[in-house]
file model_7.cif (mmCIF, C-alpha atoms)
data_coords
#
loop_
_atom_site.label_atom_id
_atom_site.label_comp_id
_atom_site.auth_asym_id
_atom_site.auth_seq_id
_atom_site.Cartn_x
_atom_site.Cartn_y
_atom_site.Cartn_z
CA MET G 507 15.64 94.16 107.67
CA ALA G 508 16.17 93.14 104.09
CA ASP G 509 18.85 95.83 103.75
CA GLN G 510 20.75 94.44 106.78
CA GLU G 511 20.71 90.94 105.32
CA ASN G 512 22.00 92.25 101.99
CA ASN G 513 24.86 94.14 103.71
CA TYR G 514 25.78 91.03 105.70
CA GLY G 515 25.82 89.00 102.50
CA VAL G 516 28.15 91.50 100.82
CA ARG G 517 30.60 91.36 103.75
CA VAL G 518 30.63 87.56 103.70
CA THR G 519 31.22 87.54 99.95
CA ARG G 520 34.14 89.99 100.25
CA GLN G 521 35.78 87.99 103.04
CA ALA G 522 35.40 84.78 101.09
CA LYS G 523 36.93 86.36 98.01
CA LYS G 524 39.87 87.73 100.08
CA ARG G 525 40.57 84.28 101.58
CA ALA G 526 40.41 82.71 98.14
CA MET G 527 42.90 85.22 96.68
CA GLU G 528 45.30 84.65 99.59
CA ALA G 529 45.13 80.90 99.00
CA ILE G 530 45.86 81.31 95.30
CA GLY G 531 48.74 83.74 95.99
CA SER G 532 50.39 81.40 98.47
CA GLN G 533 50.79 78.80 95.74
CA PHE G 534 52.88 81.14 93.59
CA GLN G 535 54.83 82.82 96.40
CA PRO G 536 58.36 81.38 96.60
CA ALA G 537 59.47 79.98 99.92
CA ASN G 538 62.29 81.74 101.78
CA LYS G 539 65.47 79.88 100.86
CA LYS G 540 69.01 80.14 102.09
CA ARG G 541 71.47 81.31 99.43
CA VAL G 542 73.95 78.57 98.58
CA VAL G 543 76.87 78.00 96.22
CA LEU G 544 75.99 76.26 92.98
CA GLY G 545 78.29 73.38 93.89
CA GLU G 546 76.38 72.77 97.13
CA ILE G 547 73.10 72.44 95.23
CA SER G 548 74.50 69.73 92.93
CA SER G 549 76.11 67.85 95.79
CA ASN G 550 72.91 67.95 97.87
CA ALA G 551 70.85 66.62 94.96
CA ALA G 552 73.29 63.76 94.35
CA SER G 553 73.48 62.79 98.02
CA LEU G 554 69.69 62.53 98.22
CA GLU G 555 69.64 60.06 95.33
CA ASN G 556 72.73 58.06 96.25
CA PRO G 557 74.48 58.58 99.62
CA LYS G 558 77.75 57.14 98.32
CA VAL G 559 77.80 59.35 95.27
CA GLY G 560 76.86 62.23 97.50
CA SER G 561 79.90 61.67 99.74
CA ASP G 562 82.20 61.44 96.67
CA LEU G 563 80.82 64.68 95.32
CA VAL G 564 81.35 66.36 98.66
CA GLN G 565 85.03 65.34 98.52
CA LYS G 566 85.33 66.69 94.97
CA THR G 567 83.60 69.87 96.02
CA LYS G 568 86.15 70.32 98.78
CA CYS G 569 88.98 69.91 96.25
CA GLY G 570 87.25 72.35 93.92
CA SER G 571 86.77 74.81 96.75
CA LYS G 572 90.57 75.02 97.16
CA LYS G 573 90.89 76.17 93.55
CA VAL G 574 88.06 78.63 94.10
CA LYS G 575 89.85 79.96 97.18
CA LYS G 576 93.02 80.53 95.15
CA ALA G 577 91.05 82.40 92.51
CA VAL G 578 89.33 84.44 95.20
CA LYS G 579 92.71 85.31 96.74
CA ALA G 580 93.93 86.54 93.37
CA VAL G 581 90.82 88.69 92.97
CA ILE G 582 91.24 90.06 96.50
CA ALA G 583 94.90 90.92 95.79
CA ALA G 584 93.89 92.78 92.63
CA ALA G 585 91.16 94.58 94.56
CA LYS G 586 93.66 95.63 97.24
CA LYS G 587 95.93 96.99 94.51
CA HIS G 588 93.11 99.13 93.18
CA GLU G 589 92.23 100.20 96.72
CA LEU G 590 95.81 101.38 97.24
CA ALA G 591 95.60 103.32 94.00
CA ALA G 592 92.31 104.80 95.18
CA GLU G 593 93.88 105.75 98.52
CA LYS G 594 96.66 107.55 96.63
CA THR G 595 94.06 109.37 94.59
CA ASP G 596 92.36 110.47 97.84
CA ASP G 597 95.58 112.17 98.90
CA PRO G 598 94.86 115.93 98.93
CA LEU G 599 98.23 116.61 97.30
CA ILE G 600 97.36 114.44 94.28
CA ASP G 601 95.32 115.84 91.43
CA PRO G 602 92.44 113.41 90.74
CA GLN G 603 92.52 114.48 87.09
CA MET G 604 95.93 112.80 86.78
CA CYS G 605 94.15 109.39 86.92
CA GLU G 606 96.69 107.69 89.21
CA ALA G 607 94.96 104.31 88.96
CA TYR G 608 95.66 103.89 85.23
CA VAL G 609 98.06 106.68 84.40
CA SER G 610 100.74 104.23 83.19
CA ASP G 611 98.44 102.83 80.50
CA ILE G 612 97.47 106.32 79.38
CA TYR G 613 101.05 107.50 78.95
CA GLU G 614 102.08 104.30 77.21
CA TYR G 615 99.28 104.93 74.71
CA LEU G 616 100.34 108.59 74.29
CA HIS G 617 103.98 107.59 73.79
CA ASN G 618 102.99 105.15 71.05
CA MET G 619 100.82 107.83 69.46
CA GLU G 620 103.59 110.45 69.37
CA MET G 621 105.80 108.08 67.38
CA GLU G 622 103.28 107.58 64.57
CA ALA G 623 104.73 108.96 61.33
CA ARG G 624 101.50 110.67 60.28
CA ARG G 625 101.60 112.79 63.43
CA ARG G 626 105.21 113.90 63.00
CA PRO G 627 106.55 116.76 60.86
CA LEU G 628 109.60 116.30 58.66
CA VAL G 629 112.76 117.17 60.55
CA ASP G 630 114.24 119.25 57.70
CA TYR G 631 111.11 120.39 55.88
CA ILE G 632 112.36 123.98 55.56
CA GLU G 633 115.45 122.85 53.61
CA LYS G 634 113.73 120.10 51.59
CA ILE G 635 110.18 121.36 51.02
CA GLN G 636 109.97 125.12 51.48
CA LYS G 637 111.45 127.55 48.96
CA ASP G 638 110.29 130.90 50.32
CA VAL G 639 109.91 130.25 54.07
CA THR G 640 113.05 130.31 56.24
CA VAL G 641 113.94 129.20 59.76
CA ASN G 642 113.90 132.82 60.95
CA MET G 643 110.43 133.39 59.48
CA ARG G 644 109.09 130.39 61.33
CA GLY G 645 110.62 131.67 64.57
CA VAL G 646 109.05 135.12 64.11
CA LEU G 647 105.66 133.51 63.43
CA VAL G 648 105.84 131.37 66.58
CA ASP G 649 106.94 134.37 68.64
CA TRP G 650 103.94 136.37 67.36
CA LEU G 651 101.51 133.49 67.99
CA VAL G 652 102.63 133.43 71.63
CA GLU G 653 101.47 137.05 71.88
CA VAL G 654 98.15 136.18 70.17
CA ALA G 655 97.58 133.33 72.64
CA GLU G 656 98.24 135.76 75.51
CA GLU G 657 95.91 138.36 74.00
CA TYR G 658 93.00 135.92 73.76
CA LYS G 659 93.92 134.06 76.99
CA LEU G 660 94.21 130.72 75.23
CA LEU G 661 95.32 127.51 76.92
CA PRO G 662 98.96 126.43 76.56
CA ASP G 663 97.74 123.25 74.84
CA THR G 664 96.19 125.41 72.11
CA LEU G 665 99.55 127.04 71.42
CA TYR G 666 101.40 123.70 71.23
CA LEU G 667 98.81 122.19 68.90
CA THR G 668 98.97 125.30 66.69
CA ILE G 669 102.72 124.95 66.17
CA SER G 670 102.29 121.21 65.55
CA TYR G 671 99.71 121.88 62.81
CA ILE G 672 101.96 124.49 61.19
CA ASP G 673 105.00 122.20 61.08
CA ARG G 674 103.01 119.25 59.76
CA TYR G 675 101.35 121.37 57.09
CA LEU G 676 104.65 122.88 55.93
CA SER G 677 106.13 119.37 55.74
CA VAL G 678 103.76 118.63 52.86
CA ASN G 679 102.84 121.95 51.18
CA VAL G 680 105.03 124.64 49.68
CA LEU G 681 103.88 128.02 50.99
CA ASN G 682 104.52 131.61 49.96
CA ARG G 683 105.89 133.80 52.74
CA GLN G 684 102.96 136.22 52.34
CA ARG G 685 100.60 133.42 53.42
CA LEU G 686 102.63 132.21 56.41
CA GLN G 687 100.75 134.42 58.87
CA LEU G 688 97.48 133.20 57.35
CA LEU G 689 98.56 129.63 58.05
CA GLY G 690 99.39 130.64 61.63
CA VAL G 691 96.01 132.17 62.48
CA SER G 692 94.08 129.42 60.68
CA SER G 693 96.00 126.75 62.61
CA MET G 694 95.33 128.58 65.88
CA LEU G 695 91.64 128.80 64.96
CA ILE G 696 91.53 125.00 64.53
CA ALA G 697 93.46 124.39 67.76
CA SER G 698 91.14 126.77 69.63
CA LYS G 699 88.09 124.90 68.41
CA TYR G 700 89.71 121.66 69.54
CA GLU G 701 90.87 122.79 73.00
CA GLU G 702 88.97 125.87 74.15
CA ILE G 703 85.53 126.03 75.74
CA SER G 704 84.85 129.41 74.13
CA PRO G 705 87.25 129.78 71.17
CA PRO G 706 87.78 133.18 69.51
CA HIS G 707 85.72 133.84 66.40
CA THR G 708 87.15 133.84 62.89
CA GLU G 709 86.73 137.64 62.82
CA ASP G 710 88.98 137.91 65.90
CA PHE G 711 91.82 136.23 64.03
CA CYS G 712 91.24 138.51 61.05
CA TYR G 713 91.38 141.53 63.35
CA ILE G 714 94.61 140.39 65.04
CA THR G 715 96.31 140.42 61.62
CA ASP G 716 95.11 144.01 61.10
CA ASN G 717 92.59 142.62 58.59
CA THR G 718 95.39 141.55 56.27
CA TYR G 719 93.27 138.49 55.45
CA THR G 720 89.53 138.22 54.95
CA LYS G 721 87.26 135.84 56.78
CA GLN G 722 86.86 133.79 53.59
CA GLU G 723 90.64 133.41 53.25
CA VAL G 724 90.98 132.24 56.86
CA VAL G 725 88.16 129.71 56.46
CA LYS G 726 89.61 128.42 53.18
CA MET G 727 93.04 127.96 54.74
CA GLU G 728 91.40 126.25 57.74
CA ALA G 729 89.79 123.72 55.40
CA ASP G 730 93.09 123.22 53.57
CA VAL G 731 94.93 122.49 56.83
CA LEU G 732 92.28 120.01 57.95
CA LYS G 733 92.42 118.14 54.66
CA THR G 734 96.21 118.08 54.63
CA LEU G 735 96.36 116.69 58.18
CA LYS G 736 93.49 114.29 57.39
CA PHE G 737 91.65 115.56 60.46
CA GLU G 738 94.28 114.05 62.80
CA MET G 739 94.05 116.91 65.30
CA GLY G 740 94.59 115.26 68.68
CA ASN G 741 98.35 114.91 69.03
CA PRO G 742 100.23 114.54 72.33
CA THR G 743 102.43 117.60 72.83
CA VAL G 744 105.30 118.58 75.12
CA LYS G 745 102.73 119.96 77.55
CA THR G 746 100.94 116.58 77.64
CA PHE G 747 104.00 114.80 79.05
CA LEU G 748 105.30 117.73 81.06
CA ARG G 749 102.31 117.64 83.41
CA ARG G 750 103.25 114.16 84.57
CA PHE G 751 107.03 114.69 84.65
CA THR G 752 106.71 117.91 86.67
CA ARG G 753 104.69 116.13 89.35
CA ILE G 754 107.27 113.37 89.73
CA ALA G 755 110.10 115.93 89.70
CA GLN G 756 108.59 117.60 92.77
CA GLU G 757 108.36 114.45 94.88
CA ASP G 758 111.66 115.25 96.64
CA TYR G 759 110.32 118.68 97.62
CA ASP G 760 108.49 119.21 100.91
CA ALA G 761 105.72 121.18 99.15
CA PRO G 762 104.64 121.81 95.55
CA ASN G 763 107.26 124.02 93.92
CA LEU G 764 105.62 126.61 91.66
CA GLN G 765 108.98 127.97 90.57
CA LEU G 766 109.99 124.58 89.17
CA GLU G 767 106.62 124.25 87.46
CA PHE G 768 106.72 127.69 85.81
CA LEU G 769 110.37 127.26 84.83
CA SER G 770 109.45 124.01 83.08
CA TYR G 771 106.63 125.74 81.20
CA TYR G 772 109.00 128.53 80.19
CA LEU G 773 111.67 126.21 78.82
CA ALA G 774 109.04 124.10 77.05
CA GLU G 775 107.66 127.13 75.22
CA LEU G 776 111.18 128.23 74.26
CA SER G 777 111.57 124.87 72.52
CA LEU G 778 108.80 125.89 70.10
CA LEU G 779 110.98 128.68 68.69
CA ASP G 780 113.83 126.50 67.47
CA CYS G 781 113.59 124.18 64.46
CA GLY G 782 116.32 122.09 66.06
CA CYS G 783 113.76 120.73 68.53
CA ILE G 784 111.44 119.39 65.84
CA LYS G 785 113.45 116.18 65.52
CA PHE G 786 112.84 115.27 69.17
CA LEU G 787 109.70 113.51 70.33
CA PRO G 788 107.48 115.65 72.60
CA SER G 789 108.14 113.26 75.50
CA MET G 790 111.91 113.70 75.06
CA VAL G 791 111.58 117.50 75.03
CA ALA G 792 109.44 117.31 78.18
CA ALA G 793 112.00 115.08 79.90
CA SER G 794 114.85 117.42 78.86
CA VAL G 795 112.90 120.42 80.15
CA THR G 796 112.48 118.67 83.51
CA PHE G 797 116.20 117.82 83.59
CA LEU G 798 117.27 121.43 82.89
CA SER G 799 114.72 122.95 85.29
CA ARG G 800 115.97 120.82 88.19
CA PHE G 801 119.56 121.64 87.27
CA MET G 802 118.91 125.40 87.21
CA LEU G 803 117.29 125.37 90.66
CA LYS G 804 119.78 122.95 92.22
CA PRO G 805 122.98 123.12 90.12
CA ASN G 806 125.00 121.09 92.63
CA SER G 807 122.60 118.15 92.69
CA HIS G 808 122.11 115.58 89.95
CA PRO G 809 118.95 116.65 88.09
CA TRP G 810 117.87 113.12 87.14
CA ASN G 811 116.82 110.17 89.28
CA LEU G 812 115.58 106.62 88.94
CA ALA G 813 111.91 107.59 89.27
CA LEU G 814 112.14 110.07 86.39
CA GLU G 815 114.08 107.60 84.27
CA GLN G 816 111.53 104.83 84.80
CA LEU G 817 108.62 107.18 84.18
CA SER G 818 109.98 108.87 81.05
CA GLY G 819 111.94 105.96 79.62
CA TYR G 820 114.95 108.21 78.99
CA THR G 821 118.43 108.04 80.50
CA PRO G 822 120.50 111.23 81.03
CA SER G 823 122.65 110.37 78.00
CA ASP G 824 119.50 110.17 75.83
CA LEU G 825 118.66 113.74 76.79
CA LYS G 826 122.07 115.33 76.31
CA GLU G 827 121.54 116.84 72.83
CA CYS G 828 118.07 118.19 73.59
CA VAL G 829 119.14 119.58 76.98
CA THR G 830 122.07 121.37 75.31
CA ILE G 831 119.75 123.10 72.81
CA LEU G 832 117.32 124.12 75.58
CA HIS G 833 120.22 125.45 77.64
CA GLU G 834 121.32 127.63 74.73
CA LEU G 835 117.76 128.87 74.25
CA GLN G 836 117.49 129.75 77.93
CA SER G 837 120.75 131.68 77.86
CA SER G 838 119.65 133.52 74.66
CA ARG G 839 122.48 132.00 72.61
CA ARG G 840 119.71 130.76 70.32
CA CYS G 841 116.72 132.84 69.14
CA GLY G 842 117.80 135.71 71.38
CA ASN G 843 115.94 138.24 69.21
CA LEU G 844 112.58 136.55 69.85
CA VAL G 845 111.40 138.01 73.13
CA ALA G 846 107.65 137.32 73.48
CA ILE G 847 108.10 134.18 75.60
CA ARG G 848 110.85 135.78 77.67
CA GLU G 849 108.69 138.84 78.38
CA LYS G 850 105.72 136.65 79.21
CA TYR G 851 107.63 134.70 81.86
CA LYS G 852 109.15 137.81 83.41
CA GLN G 853 105.75 138.51 84.94
CA HIS G 854 105.25 138.04 88.69
CA LYS G 855 102.41 135.58 88.12
CA PHE G 856 105.05 133.25 86.64
CA LYS G 857 107.53 133.91 89.48
CA CYS G 858 109.77 135.85 87.04
CA VAL G 859 111.41 132.59 85.97
CA ALA G 860 112.70 134.15 82.73
CA GLU G 861 115.09 136.22 84.84
CA LEU G 862 116.71 133.17 86.47
CA LEU G 863 120.33 132.57 85.52
CA SER G 864 121.76 129.19 84.71
CA PRO G 865 125.37 128.03 85.04
CA LEU G 866 127.12 128.39 81.68
CA VAL G 867 128.13 124.73 81.59
CA ILE G 868 126.28 121.59 82.62
CA PRO G 869 128.74 119.07 84.15
CA SER G 870 129.27 116.14 81.79
CA SER G 871 128.98 113.77 84.76
CA PHE G 872 125.27 114.63 84.96
CA PHE G 873 124.76 112.86 81.64
CA ASN G 874 126.24 109.58 82.88
CA SER G 875 124.02 106.63 83.65
CA ILE G 876 122.35 106.79 87.06
CA LYS G 877 123.76 103.33 87.89
CA GLU G 878 127.30 104.63 87.31
CA ARG G 879 126.99 107.25 90.06
#
call {"tool": "encode", "arguments": {"input": "model_7.cif", "output": "structure tokens"}}
result
Amino acid sequence: MADQENNYGVRVTRQAKKRAMEAIGSQFQPANKKRVVLGEISSNAASLENPKVGSDLVQKTKCGSKKVKKAVKAVIAAAKKHELAAEKTDDPLIDPQMCEAYVSDIYEYLHNMEMEARRRPLVDYIEKIQKDVTVNMRGVLVDWLVEVAEEYKLLPDTLYLTISYIDRYLSVNVLNRQRLQLLGVSSMLIASKYEEISPPHTEDFCYITDNTYTKQEVVKMEADVLKTLKFEMGNPTVKTFLRRFTRIAQEDYDAPNLQLEFLSYYLAELSLLDCGCIKFLPSMVAASVTFLSRFMLKPNSHPWNLALEQLSGYTPSDLKECVTILHELQSSRRCGNLVAIREKYKQHKFKCVAELLSPLVIPSSFFNSIKER
């Protein structure tokens, strides 16, 4: 009997404690409130204190709401713009890696970067700086590095950066011809480390030179190049701009044109052989490559259009000198003895674009302003 009374007392105590806790909790639990605009809160508080003031504030709030609506409309318009860009990006024909939503800002930044003096080689460094290295030696080195890049399956960007490092280094340092190949492999080692996921080892570059240079020599030259270039390794190259220009150049085609794409890559790599192309900005070379590629595939149609001009910032007359040099390279009137790039692009995987023939002369009317047509 005593045990039953004790159990009953425990139950009563627990229930009392539960009710007490619920009462305490209700004091701190916020009441469900309707979400309102901050302006409505202030106007409601004022109207409770003074009805007249409250009505005035309501009028002011209405005026303020018009301004808010205008601001909201502007935000909505901007949001719609981004939605349109996102819809374009969702297009299966558009590469999401091309960053359609902010591609203009990216290329403006890259264009400004390519014009920085510290990232540009001297136009005539072989005549003014070098005493033992000649134009032909540079061409032979580039031709051989193309084969090395093929051997180790390196990215095109690695090749372009390699040549950029070589030209910038030779613009500052006098080099003996016996060390020119050493500079080439050391520059490619740096570019590989910058671009490749799994770059070749230092020993691989020693082996490719038939062990003409030791590992220590390659590493020492690597350090020398890095110090000379002040570790400014990330330069925009022809390939950087060509990706964008090639996409725009294909917009008047019903489907992506691989032949146009490979032909552009072929002409762009040919530009690496000739010292005459050093004076042109990478974006100008890329634009000229696009111009010549379109001309070769459709010689009776004007190779330039308003979209390409607006995108690149170059008119046909701006490109005339560079296009002429590329045309001579393509027809083997320049650097005809350097065959590595030509052999590379004779392969079927590149649609044999090196075997395509181009008209001997580009009509001068194609270099007139687009507005004059």
call {"tool": "closest_residue", "arguments": {"input": "model_7.cif", "among": "G:Ile868, G:Leu776, G:Leu812, G:Val795", "to": "G:Ser838", "atoms": "only C-alpha atoms"}}
result
G:Leu776
call {"tool": "residues_around", "arguments": {"input": "model_7.cif", "residues": "G:Val859", "least_positions_apart": "2", "cutoff": "8 Å", "atoms": "all atoms listed in the file", "output": "PyMOL selection string"}}
result
chain G and resi 765+768-769+772+851-852+856-857+861-862
call {"tool": "resolve_selection", "arguments": {"input": "model_7.cif", "expression": "the PyMOL selection byres ((chain G and resi 829-834) around 9)", "output": "VMD selection string"}}
result
chain G and resid 773 to 774 776 to 777 780 782 to 783 791 793 to 795 797 to 798 825 to 828 835 to 841 864 866 to 868
call {"tool": "atom_distance", "arguments": {"input": "model_7.cif", "atom1": "atom CA of G:Leu661", "atom2": "atom CA of G:Glu728"}}
result
19.6 Å
call {"tool": "closest_residue", "arguments": {"input": "model_7.cif", "among": "G:Ser870, G:Ser807, G:Ser818, G:Thr664", "to": "G:Met790", "atoms": "all atoms listed in the file"}}
result
G:Ser818
call {"tool": "residues_around", "arguments": {"input": "model_7.cif", "residues": "G:Glu849", "least_positions_apart": "2", "cutoff": "10 Å", "atoms": "only C-alpha atoms", "output": "PyMOL selection string"}}
result
chain G and resi 653+844-847+851-853+858+860-861
call {"tool": "closest_residue", "arguments": {"input": "model_7.cif", "among": "G:Glu702, G:Glu709, G:Asp630, G:Glu620", "to": "G:Leu665", "atoms": "all atoms listed in the file"}}
result
G:Glu702
call {"tool": "residues_around", "arguments": {"input": "model_7.cif", "residues": "G:Val641", "least_positions_apart": "3", "cutoff": "10 Å", "atoms": "all atoms listed in the file", "output": "NGL selection string"}}
result
:G and (632-633 or 644-646 or 779-782)
call {"tool": "atom_distance", "arguments": {"input": "model_7.cif", "atom1": "atom CA of G:Thr796", "atom2": "atom CA of G:Ser770"}}
result
6.2 Å
call {"tool": "closest_residue", "arguments": {"input": "model_7.cif", "among": "G:Asn806, G:Asn741, G:Gln756, G:Asn679", "to": "G:Pro865", "atoms": "only C-alpha atoms"}}
result
G:Asn806
call {"tool": "atom_distance", "arguments": {"input": "model_7.cif", "atom1": "atom CA of G:Leu803", "atom2": "atom CA of G:Glu815"}}
result
19.2 Å
call {"tool": "closest_residue", "arguments": {"input": "model_7.cif", "among": "G:Gly819, G:Arg750, G:Asn642, G:Phe801", "to": "G:Asn843", "atoms": "all atoms listed in the file"}}
result
G:Asn642
call {"tool": "resolve_selection", "arguments": {"input": "model_7.cif", "expression": "the PyMOL selection byres ((chain G and resi 680) around 8)", "output": "list of chain:residue names"}}
result
G:Ile635, G:Gln636, G:Lys637, G:Leu676, G:Val678, G:Asn679, G:Leu681, G:Asn682
call {"tool": "closest_residue", "arguments": {"input": "model_7.cif", "among": "G:Tyr615, G:Tyr631, G:Phe751, G:Phe711", "to": "G:Tyr658", "atoms": "all atoms listed in the file"}}
result
G:Phe711
call {"tool": "decode", "arguments": {"input": "model_7.cif", "residues": "stretch 776-784 of chain G", "atoms": "all heavy atoms", "output": "mmCIF file, in the first residue's frame"}}
result
data_model
loop_
_atom_site.group_PDB
_atom_site.id
_atom_site.type_symbol
_atom_site.label_atom_id
_atom_site.label_comp_id
_atom_site.auth_asym_id
_atom_site.auth_seq_id
_atom_site.Cartn_x
_atom_site.Cartn_y
_atom_site.Cartn_z
ATOM 1 N N LEU G 776 52.336 26.890 -87.398
ATOM 2 C CA LEU G 776 53.299 27.370 -88.396
ATOM 3 C C LEU G 776 53.838 28.746 -88.020
ATOM 4 O O LEU G 776 54.998 29.068 -88.294
ATOM 5 C CB LEU G 776 52.649 27.432 -89.786
ATOM 6 C CG LEU G 776 52.435 26.113 -90.536
ATOM 7 C CD1 LEU G 776 51.750 26.369 -91.872
ATOM 8 C CD2 LEU G 776 53.754 25.380 -90.767
ATOM 9 N N SER G 777 53.007 29.551 -87.384
ATOM 10 C CA SER G 777 53.440 30.907 -87.010
ATOM 11 C C SER G 777 54.589 30.874 -86.006
ATOM 12 O O SER G 777 55.348 31.835 -85.894
ATOM 13 C CB SER G 777 52.262 31.698 -86.434
ATOM 14 O OG SER G 777 51.910 31.219 -85.148
ATOM 15 N N LEU G 778 54.727 29.773 -85.263
ATOM 16 C CA LEU G 778 55.804 29.656 -84.277
ATOM 17 C C LEU G 778 57.171 29.564 -84.946
ATOM 18 O O LEU G 778 58.187 29.915 -84.344
ATOM 19 C CB LEU G 778 55.586 28.410 -83.404
ATOM 20 C CG LEU G 778 54.324 28.380 -82.538
ATOM 21 C CD1 LEU G 778 54.180 27.021 -81.873
ATOM 22 C CD2 LEU G 778 54.368 29.484 -81.486
ATOM 23 N N LEU G 779 57.203 29.088 -86.193
ATOM 24 C CA LEU G 779 58.476 28.870 -86.880
ATOM 25 C C LEU G 779 59.152 30.170 -87.306
ATOM 26 O O LEU G 779 60.378 30.236 -87.362
ATOM 27 C CB LEU G 779 58.261 28.001 -88.131
ATOM 28 C CG LEU G 779 57.750 26.572 -87.920
ATOM 29 C CD1 LEU G 779 57.417 25.942 -89.269
ATOM 30 C CD2 LEU G 779 58.783 25.739 -87.179
ATOM 31 N N ASP G 780 58.358 31.172 -87.611
ATOM 32 C CA ASP G 780 58.876 32.375 -88.253
ATOM 33 C C ASP G 780 59.074 33.518 -87.260
ATOM 34 O O ASP G 780 58.135 33.899 -86.547
ATOM 35 C CB ASP G 780 57.913 32.818 -89.364
ATOM 36 C CG ASP G 780 58.581 33.738 -90.371
ATOM 37 O OD1 ASP G 780 59.111 34.776 -89.948
ATOM 38 O OD2 ASP G 780 58.568 33.420 -91.574
ATOM 39 N N CYS G 781 60.256 34.064 -87.236
ATOM 40 C CA CYS G 781 60.546 35.218 -86.354
ATOM 41 C C CYS G 781 59.726 36.443 -86.734
ATOM 42 O O CYS G 781 59.540 37.347 -85.908
ATOM 43 C CB CYS G 781 62.036 35.557 -86.426
ATOM 44 S SG CYS G 781 63.067 34.429 -85.480
ATOM 45 N N GLY G 782 59.238 36.466 -87.963
ATOM 46 C CA GLY G 782 58.441 37.610 -88.411
ATOM 47 C C GLY G 782 57.119 37.743 -87.675
ATOM 48 O O GLY G 782 56.502 38.810 -87.684
ATOM 49 N N CYS G 783 56.681 36.653 -87.032
ATOM 50 C CA CYS G 783 55.407 36.692 -86.301
ATOM 51 C C CYS G 783 55.569 37.140 -84.860
ATOM 52 O O CYS G 783 54.566 37.357 -84.164
ATOM 53 C CB CYS G 783 54.747 35.309 -86.334
ATOM 54 S SG CYS G 783 54.151 34.827 -87.969
ATOM 55 N N ILE G 784 56.812 37.292 -84.408
ATOM 56 C CA ILE G 784 57.035 37.677 -83.009
ATOM 57 C C ILE G 784 56.486 39.072 -82.731
ATOM 58 O O ILE G 784 55.997 39.352 -81.628
ATOM 59 C CB ILE G 784 58.542 37.623 -82.674
ATOM 60 C CG1 ILE G 784 59.038 36.173 -82.729
ATOM 61 C CG2 ILE G 784 58.827 38.218 -81.303
ATOM 62 C CD1 ILE G 784 60.534 36.031 -82.506
#
